[in-house]
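Asks: The following block contains the structure, expressed as structure tokens.
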Number of protein chains: 2
Amino acid sequence: MPSPSKPEVPGLPIASAERETGLSKDTLRVWERRYGFPAPTRDVHGERLYAPEQVRQLARIKRLMDRGHRPGKLMAMDADALAALDATPGAETAPQESHLDAWLNLVKTHDIDGLQRQFHSEVARRGLASFVQDVAAPLITRVGEAWSRNELGIFEEHLFSQHLEKLFRLTLANMAPQAGHPRVLLTTLSGEEHTLGLLMVEALLTVEGAYPLLLGPQTPIDEIVRAARVKDVDAVCLSFSSAYSSALAAQGLRDLRQALPAAHALWAGGYGIRTLRKPIEGVCLLPEFDDLYACLAAWRQEKGGKPAD
Amino acid sequence: MPSPSKPEVPGLPIASAERETGLSKDTLRVWERRYGFPAPTRDVHGERLYAPEQVRQLARIKRLMDRGHRPGKLMAMDADALAALDATPGAETAPQESHLDAWLNLVKTHDIDGLQRQFHSEVARRGLASFVQDVAAPLITRVGEAWSRNELGIFEEHLFSQHLEKLFRLTLANMAPQAGHPRVLLTTLSGEEHTLGLLMVEALLTVEGAYPLLLGPQTPIDEIVRAARVKDVDAVCLSFSSAYSSALAAQGLRDLRQALPAAHALWAGGYGIRTLRKPIEGVCLLPEFDDLYACLAAWRQEKGGKPAD
DNA sequence: CTGAGCTTGTCAACCATTTGTCCAAGACAT
DNA sequence: ATGTCTTGGACAAATGGTTGACAAGCTCAG
């Protein structure tokens with residue numbers, strides 16, 4: 001049925017071109033007059049007929065114009081040059097600082113409703129990744145400092161942690177499991193109770209299209225090994241809070257590295273390893289969140305696995 | 001119910017053809033007179049009977065007209081040429097558009113669970129503002145196009161809208177009411193049923209720290225005026241989908257502007273006003289989402305009001 | 001930082017064609 | 001009678017085309 005000879009569509013009328021490209025009829029005509037570019041054929045009655053290929057190029061030009069390019073330059077380019085220009089991303093955004101103080105006040109005054117709403121609000125506002133790096137992490141630090149300065153009680157600190165945790169669990173539950181790669185087991189060593197670090201890493205991994213497996217805190221080393229084997233993960237990622245002794249962390253990492261088959265990578269993140277000087281054989285240290293991205297990229301390149309999309 | 005094998009379908013009367021195709025009786029008759037195309041048989045009394053095949057072709061013609069083609073040319077084509085034209089992709093291009101195609105597939109296959117998860121996931125991933133501009137809006141357009149190409153039924157389109165709406169309502173409910181400025185009343189004029197545009201604007205306003213007041217669709221003009229007065233809003237924002245006639249939109253805006261005290265600003269957004277040429281006195285036209293930001297900034301500067309934080 | 005000059009989208013004026021709706025008058029069935 | 005249908009004529013609105021003008025925005029010296 002699909003005849004080998006293409007039906008060869010004559011072309012789209014100017015109204016269609018306008019709809020498809022978002023360029024007004026006037027503009028289409030004046031471009032033709034000035035630059036000679038959209039050179040549509042004419043039907044028997046002299047009305048314009050734009051070839052689909054032309055329409056596609058016009059739409060591309062429109063997009064580039066919206067990015068700030070000027071028509072005159074674009075018209076002088078051929079299709080290839082336009083395509084090259086089209087593949088260039090934009091800029092990033094910067095975080096805030098004074099905002100954090102306001103939040104600290106919410107914690108101090110036990111305004112849990114306001115806190116919860118602000119959390120949700122901020123996630124929706126800036127996206128999960130930015131929330132983790134630019135809001136949650138700094139805020140946790142601030143709360144810790146405030147606590148050590150005795151401006152906050154344990155009660156407030158726990159309240160804060162619980163609500164932040166609730167937010168992460170709720171948000172992550174709503175996100176698709178993705179089933180992407182790499183598969184990463186998330187846990188902490190015995191003695192490290194803080195879960196928030198794990199949740200933040202889980203969030204970042206999910207956003208990046210990886211497949212995090214949250215095991216919860218305080219898993220004994222032999223159990224971590226068993227879980228890694230059973231779940232066939234690509235990497236094990238441990239989180240260390242600032243309260244954790246860096247010497248203990250180093251020892252634990254060495255022990256785990258020895259017990260864990262080389263097929264599983266071993267990553268470690270969090271404030272607790274910031275003071276570690278020497279690299280540990282076979283362990284990837286991620287003192288900053290950005291290091292996690294680099295680590296992910298490296299794994300994907302090494303594995304040759306496609307980055308999901 | 002009736003006999004299972006009944007190829008003997010005499011045809012549909014003109015009233016049915018009108019319902020099926022969306023073309024008025026007058027139009028059907030005048031086409032027959034002028035182009036000779038819909039050539040229905042007649043019953044004993046000389047009344048028109050349209051064959052199902054004809055009705056199908058008429059529906060296709062109607063869809064193509066909605067895409068900017070002119071009736072006269074379409075009538076001159078045979079069924080094959082129409083099918084070819086129907087299948088011609090318009091301006092479909094773009095880098096990450098492949099992503100949108102995946103979503104479109106979810107819609108086509110009624111995978112509502114997957115859709116819902118993907119929605120949540122994407123909001124968390126990129127933040128609400130980016131979701132609105134870079135995902136929801138393009139996706140709505142794509143769904144509309146797919147529908148006009150008959151790749152989607154009305155059922156799928158409604159399912160899609162409902163779930164997207166649900167997402168917005170849930171997300172917005174979780175965000176802080178903010179109580180910021182300006183206070184903006186959101187609604188549509190009578191005849192415009194689409195709510196999604198309003199919800200998207202509500203989302204952007206919320207993110208920007210304004211105070212949106214969602215009134216729901218189809219509010220009569222005098223009621224809008226009353227609501228604006230009672231709720232003491234700074235601006236009224238109307239949304240027009242692409243289905244809304246731009247002439248009607250212009251008239252409605254003029255009428256409302258006249259009835260609305262000058263203290264309330266009047267904004268209008270959506271595809272439906274993209275083709276409006278002349279600015280309307282005292283009305284701020286926002287064909288693109290970015291224009292909303294500019295409009296907000298302008299209002300805040302003019303009012304000298306502090307930007308909420 | 002400013003002004004001259006170029007760029008560029010929009011609009012007006014005017015014409016031709018297309019096209020949807022309305023109207024008048026008659027036919028027929030309920 | 002009343003409502004729906006048919007026919008054909010008339011007409012206003014919309015669309016498309018051409019040419020010319022112009023204001024707002026951008027660029028680039030000075």
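As shown in the structure tokens, the chain order sets the letters A, B, ...; within each chain, residues go from 1, and ligands are also counted from 1 in the order they appear.
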Could you list, as a PDB file with N, CA and C atoms (P, O5', C5', C4', C3', O3' and C1' of nucleotides), in the first residue's frame, every residue within 9 Å of stretch 2-7 of chain C, counting only C-alpha atoms (C1' of nucleotides) and ignoring same-chain residues fewer than 3 positions away?
Replies:
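selection_5.pdb written:
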```
ATOM      1  N   GLY A  72      19.228  38.348  10.697  1.00  0.00           N
ATOM      2  CA  GLY A  72      20.105  38.611   9.567  1.00  0.00           C
ATOM      3  C   GLY A  72      21.251  37.623   9.469  1.00  0.00           C
TER       4      GLY A  72
ATOM      5  P    DG D  25      12.077  49.161  22.070  1.00  0.00           P
ATOM      6  O5'  DG D  25      13.246  48.387  21.311  1.00  0.00           O
ATOM      7  C5'  DG D  25      12.931  47.268  20.494  1.00  0.00           C
ATOM      8  C4'  DG D  25      14.199  46.674  19.936  1.00  0.00           C
ATOM      9  C3'  DG D  25      15.389  46.703  20.899  1.00  0.00           C
ATOM     10  O3'  DG D  25      16.116  45.503  20.748  1.00  0.00           O
ATOM     11  C1'  DG D  25      15.943  47.880  18.929  1.00  0.00           C
ATOM     12  P    DC D  26      17.312  45.147  21.705  1.00  0.00           P
ATOM     13  O5'  DC D  26      18.548  45.195  20.715  1.00  0.00           O
ATOM     14  C5'  DC D  26      18.504  44.398  19.535  1.00  0.00           C
ATOM     15  C4'  DC D  26      19.656  44.768  18.639  1.00  0.00           C
ATOM     16  C3'  DC D  26      21.009  44.816  19.359  1.00  0.00           C
ATOM     17  O3'  DC D  26      21.913  43.952  18.685  1.00  0.00           O
ATOM     18  C1'  DC D  26      20.628  46.813  18.102  1.00  0.00           C
ATOM     19  P    DT D  27      23.397  43.802  19.190  1.00  0.00           P
ATOM     20  O5'  DT D  27      24.227  44.793  18.272  1.00  0.00           O
ATOM     21  C5'  DT D  27      23.871  44.928  16.906  1.00  0.00           C
ATOM     22  C4'  DT D  27      24.944  45.682  16.150  1.00  0.00           C
ATOM     23  C3'  DT D  27      26.343  45.653  16.766  1.00  0.00           C
ATOM     24  O3'  DT D  27      27.296  45.585  15.717  1.00  0.00           O
ATOM     25  C1'  DT D  27      25.567  47.894  16.672  1.00  0.00           C
TER      26       DT D  27
END
```
Asks: If you run DSSP on the backbone, which residues of stretch 174-265 of chain A are strand (DSSP E or B), as a list of chain:residue names?
Replies: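 Secondary structure check on stretch 174-265 of chain A, strand (DSSP E or B): A:Arg183, A:Val184, A:Leu185, A:Leu186, A:Thr187, A:Tyr211, A:Pro212, A:Leu213, A:Leu214, A:Ala235, A:Val236, A:Cys237, A:Leu238, A:Ser239, A:Ala265.
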Asks: Please check the contacts: residues of chain A at most 9 Å away from chain C, using only C-alpha atoms (C1' of nucleotides), listed as a list in words.
Replies: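 Residues satisfying the distance criterion: Asp26, Thr27, Val30, Pro71 and Gly72 of chain A.
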Asks: Counting only C-alpha atoms, a student should be able to say which residues of chain B come within 7 Å of chain A; what is the right answer, written as a short mmCIF file (atom, residue, chain, number, x, y, z; two decimals) with C-alpha atoms, in the first residue's frame?
Replies:
```cif
data_model
loop_
_atom_site.label_atom_id
_atom_site.label_comp_id
_atom_site.auth_asym_id
_atom_site.auth_seq_id
_atom_site.Cartn_x
_atom_site.Cartn_y
_atom_site.Cartn_z
CA ARG B 67 -3.85 23.02 10.71
CA GLY B 68 -4.00 25.94 8.34
CA HIS B 69 -4.94 24.42 5.01
CA ALA B 81 -3.24 13.10 -1.51
CA ALA B 84 -0.23 12.08 2.40
CA LEU B 85 -0.78 15.63 3.58
CA GLY B 90 5.22 19.90 10.28
CA ALA B 91 8.08 21.54 12.05
CA GLU B 92 8.95 18.51 14.13
CA THR B 93 12.57 18.83 14.89
CA ARG B 117 5.06 8.84 37.98
CA GLN B 118 6.86 10.50 35.13
CA HIS B 120 6.13 13.72 39.52
CA SER B 121 9.58 12.61 38.62
CA VAL B 123 8.77 18.08 38.47
CA ALA B 124 11.18 16.95 41.15
CA ARG B 125 13.97 16.71 38.61
CA ARG B 126 13.79 20.13 37.08
CA GLY B 127 11.57 22.22 39.27
CA LEU B 128 8.08 23.47 38.65
CA ALA B 129 8.91 26.43 36.45
CA ASN B 174 1.88 21.33 48.89
CA MET B 175 3.42 24.70 48.25
CA ALA B 176 3.14 27.59 50.60
CA VAL B 207 7.13 30.01 42.15
#
```
Asks: Define the interface residues of chain D facing chain A as those within 10 Å, counting only C-alpha atoms (C1' of nucleotides), and report them as a list in words.
Replies: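 The answer, sorted by residue number, is DT15, DG16, DG17 and DC26 of chain D.
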Asks: Could the residues in this selection be written to a file with C-alpha atoms (C1' of nucleotides), as a tab-separated table (two decimals), in the first residue's frame?
Replies:
```tsv
chain	number	residue	atom	x	y	z
D	15	DT	C1'	-7.49	35.14	3.79
D	16	DG	C1'	-3.74	36.14	0.61
D	17	DG	C1'	-0.93	39.21	-2.21
D	26	DC	C1'	20.63	46.81	18.10
```
Asks: Write out as an MDAnalysis selection string all residues of stretch 115-288 of chain B that DSSP puts in alpha helix (DSSP H) for this structure's backbone.
Replies: chainID B and resid 115:126 128:130 137:148 154:174 196:207 221:230 246:259
Asks: Go ahead and dump the residues you just picked, C-alpha atoms, as an mmCIF file, in the first residue's frame.
Replies:
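The new file part35.cif reads:
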```cif
data_model
loop_
_atom_site.group_PDB
_atom_site.id
_atom_site.type_symbol
_atom_site.label_atom_id
_atom_site.label_comp_id
_atom_site.auth_asym_id
_atom_site.auth_seq_id
_atom_site.Cartn_x
_atom_site.Cartn_y
_atom_site.Cartn_z
ATOM 1 C CA LEU B 115 2.407 9.015 33.225
ATOM 2 C CA GLN B 116 1.690 10.085 36.768
ATOM 3 C CA ARG B 117 5.056 8.840 37.977
ATOM 4 C CA GLN B 118 6.863 10.499 35.125
ATOM 5 C CA PHE B 119 5.122 13.765 35.882
ATOM 6 C CA HIS B 120 6.133 13.723 39.519
ATOM 7 C CA SER B 121 9.580 12.613 38.619
ATOM 8 C CA GLU B 122 10.072 15.378 36.135
ATOM 9 C CA VAL B 123 8.772 18.077 38.472
ATOM 10 C CA ALA B 124 11.180 16.948 41.146
ATOM 11 C CA ARG B 125 13.969 16.710 38.613
ATOM 12 C CA ARG B 126 13.786 20.133 37.080
ATOM 13 C CA LEU B 128 8.076 23.465 38.651
ATOM 14 C CA ALA B 129 8.908 26.431 36.453
ATOM 15 C CA SER B 130 11.039 24.433 34.080
ATOM 16 C CA ALA B 137 3.505 23.211 27.540
ATOM 17 C CA PRO B 138 5.289 21.420 24.676
ATOM 18 C CA LEU B 139 3.586 18.200 25.622
ATOM 19 C CA ILE B 140 0.166 19.812 25.527
ATOM 20 C CA THR B 141 0.970 21.121 22.078
ATOM 21 C CA ARG B 142 2.122 17.708 20.940
ATOM 22 C CA VAL B 143 -0.971 16.039 22.287
ATOM 23 C CA GLY B 144 -3.079 18.594 20.465
ATOM 24 C CA GLU B 145 -1.243 17.953 17.233
ATOM 25 C CA ALA B 146 -1.491 14.220 17.647
ATOM 26 C CA TRP B 147 -5.179 14.591 18.213
ATOM 27 C CA SER B 148 -5.620 16.708 15.106
ATOM 28 C CA ILE B 154 -10.626 12.428 22.618
ATOM 29 C CA PHE B 155 -10.556 9.891 25.401
ATOM 30 C CA GLU B 156 -6.782 9.829 25.567
ATOM 31 C CA GLU B 157 -6.639 13.588 25.374
ATOM 32 C CA HIS B 158 -8.975 13.929 28.323
ATOM 33 C CA LEU B 159 -7.116 11.337 30.334
ATOM 34 C CA PHE B 160 -3.920 13.225 29.746
ATOM 35 C CA SER B 161 -5.410 16.555 30.734
ATOM 36 C CA GLN B 162 -6.958 15.164 33.875
ATOM 37 C CA HIS B 163 -3.725 13.673 35.109
ATOM 38 C CA LEU B 164 -1.711 16.733 34.344
ATOM 39 C CA GLU B 165 -4.299 18.784 36.164
ATOM 40 C CA LYS B 166 -4.153 16.448 39.124
ATOM 41 C CA LEU B 167 -0.409 16.856 39.281
ATOM 42 C CA PHE B 168 -0.596 20.613 39.320
ATOM 43 C CA ARG B 169 -3.261 20.702 41.984
ATOM 44 C CA LEU B 170 -1.336 18.331 44.194
ATOM 45 C CA THR B 171 1.954 20.096 43.769
ATOM 46 C CA LEU B 172 0.455 23.525 44.305
ATOM 47 C CA ALA B 173 -1.438 22.341 47.366
ATOM 48 C CA ASN B 174 1.879 21.334 48.895
ATOM 49 C CA LEU B 196 -4.509 23.694 32.167
ATOM 50 C CA GLY B 197 -3.334 27.083 31.035
ATOM 51 C CA LEU B 198 -4.581 28.597 34.267
ATOM 52 C CA LEU B 199 -2.865 25.976 36.352
ATOM 53 C CA MET B 200 0.401 26.503 34.567
ATOM 54 C CA VAL B 201 0.204 30.225 35.186
ATOM 55 C CA GLU B 202 -0.725 29.570 38.807
ATOM 56 C CA ALA B 203 2.373 27.426 39.126
ATOM 57 C CA LEU B 204 4.655 30.065 37.675
ATOM 58 C CA LEU B 205 3.139 32.804 39.807
ATOM 59 C CA THR B 206 3.513 30.710 42.928
ATOM 60 C CA VAL B 207 7.130 30.010 42.147
ATOM 61 C CA ILE B 221 -17.290 39.383 32.635
ATOM 62 C CA ASP B 222 -19.376 41.074 35.290
ATOM 63 C CA GLU B 223 -18.556 38.302 37.701
ATOM 64 C CA ILE B 224 -14.868 38.745 37.012
ATOM 65 C CA VAL B 225 -15.223 42.402 37.829
ATOM 66 C CA ARG B 226 -17.039 41.622 41.049
ATOM 67 C CA ALA B 227 -14.471 39.047 42.079
ATOM 68 C CA ALA B 228 -11.604 41.420 41.334
ATOM 69 C CA ARG B 229 -13.207 44.053 43.506
ATOM 70 C CA VAL B 230 -14.151 41.790 46.391
ATOM 71 C CA SER B 246 -8.373 35.470 18.539
ATOM 72 C CA ALA B 247 -11.058 37.870 17.388
ATOM 73 C CA LEU B 248 -13.320 36.738 20.216
ATOM 74 C CA ALA B 249 -10.439 37.034 22.618
ATOM 75 C CA ALA B 250 -9.748 40.599 21.551
ATOM 76 C CA GLN B 251 -13.379 41.562 21.909
ATOM 77 C CA GLY B 252 -13.649 39.932 25.314
ATOM 78 C CA LEU B 253 -10.520 41.673 26.514
ATOM 79 C CA ARG B 254 -11.768 45.049 25.361
ATOM 80 C CA ASP B 255 -15.101 44.488 27.074
ATOM 81 C CA LEU B 256 -13.473 43.398 30.290
ATOM 82 C CA ARG B 257 -11.000 46.252 30.255
ATOM 83 C CA GLN B 258 -13.875 48.683 30.005
ATOM 84 C CA ALA B 259 -15.789 47.097 32.849
#
```
Asks: Ranking B:Leu215, B:Val236, B:Ile273, B:Ala243 by minimum distance to B:Pro261 and counting only C-alpha atoms, which one comes first?
Replies: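 Answer, going by the shortest atom-to-atom distance: B:Val236.
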Asks: Near stretch 294-304 of chain A, within 10 Å and counting only C-alpha atoms (C1' of nucleotides), which residues show up once chain neighbours fewer than 6 positions away are dropped, as a ChimeraX atom specification?
Replies: /A:181-182,205,208,210,234-235,265,267,284-286
Asks: Output the selection as a PDB file, in the first residue's frame - C-alpha atoms for each residue.
Replies:
```pdb
ATOM      1  CA  HIS A 181      22.333   2.362  35.703  1.00  0.00           C
ATOM      2  CA  PRO A 182      24.490   2.172  37.633  1.00  0.00           C
ATOM      3  CA  LEU A 205      21.219   9.494  41.868  1.00  0.00           C
ATOM      4  CA  GLU A 208      20.696  11.439  37.314  1.00  0.00           C
ATOM      5  CA  ALA A 210      20.820   5.868  38.225  1.00  0.00           C
ATOM      6  CA  ASP A 234      27.492  -1.813  40.430  1.00  0.00           C
ATOM      7  CA  ALA A 235      28.626   0.236  43.373  1.00  0.00           C
ATOM      8  CA  ALA A 265      32.877  -0.161  43.061  1.00  0.00           C
ATOM      9  CA  TRP A 267      32.203   5.171  46.896  1.00  0.00           C
ATOM     10  CA  CYS A 284      36.331   6.655  45.332  1.00  0.00           C
ATOM     11  CA  LEU A 285      36.132   9.600  47.727  1.00  0.00           C
ATOM     12  CA  LEU A 286      33.417  12.160  47.145  1.00  0.00           C
TER      13      LEU A 286
END
```
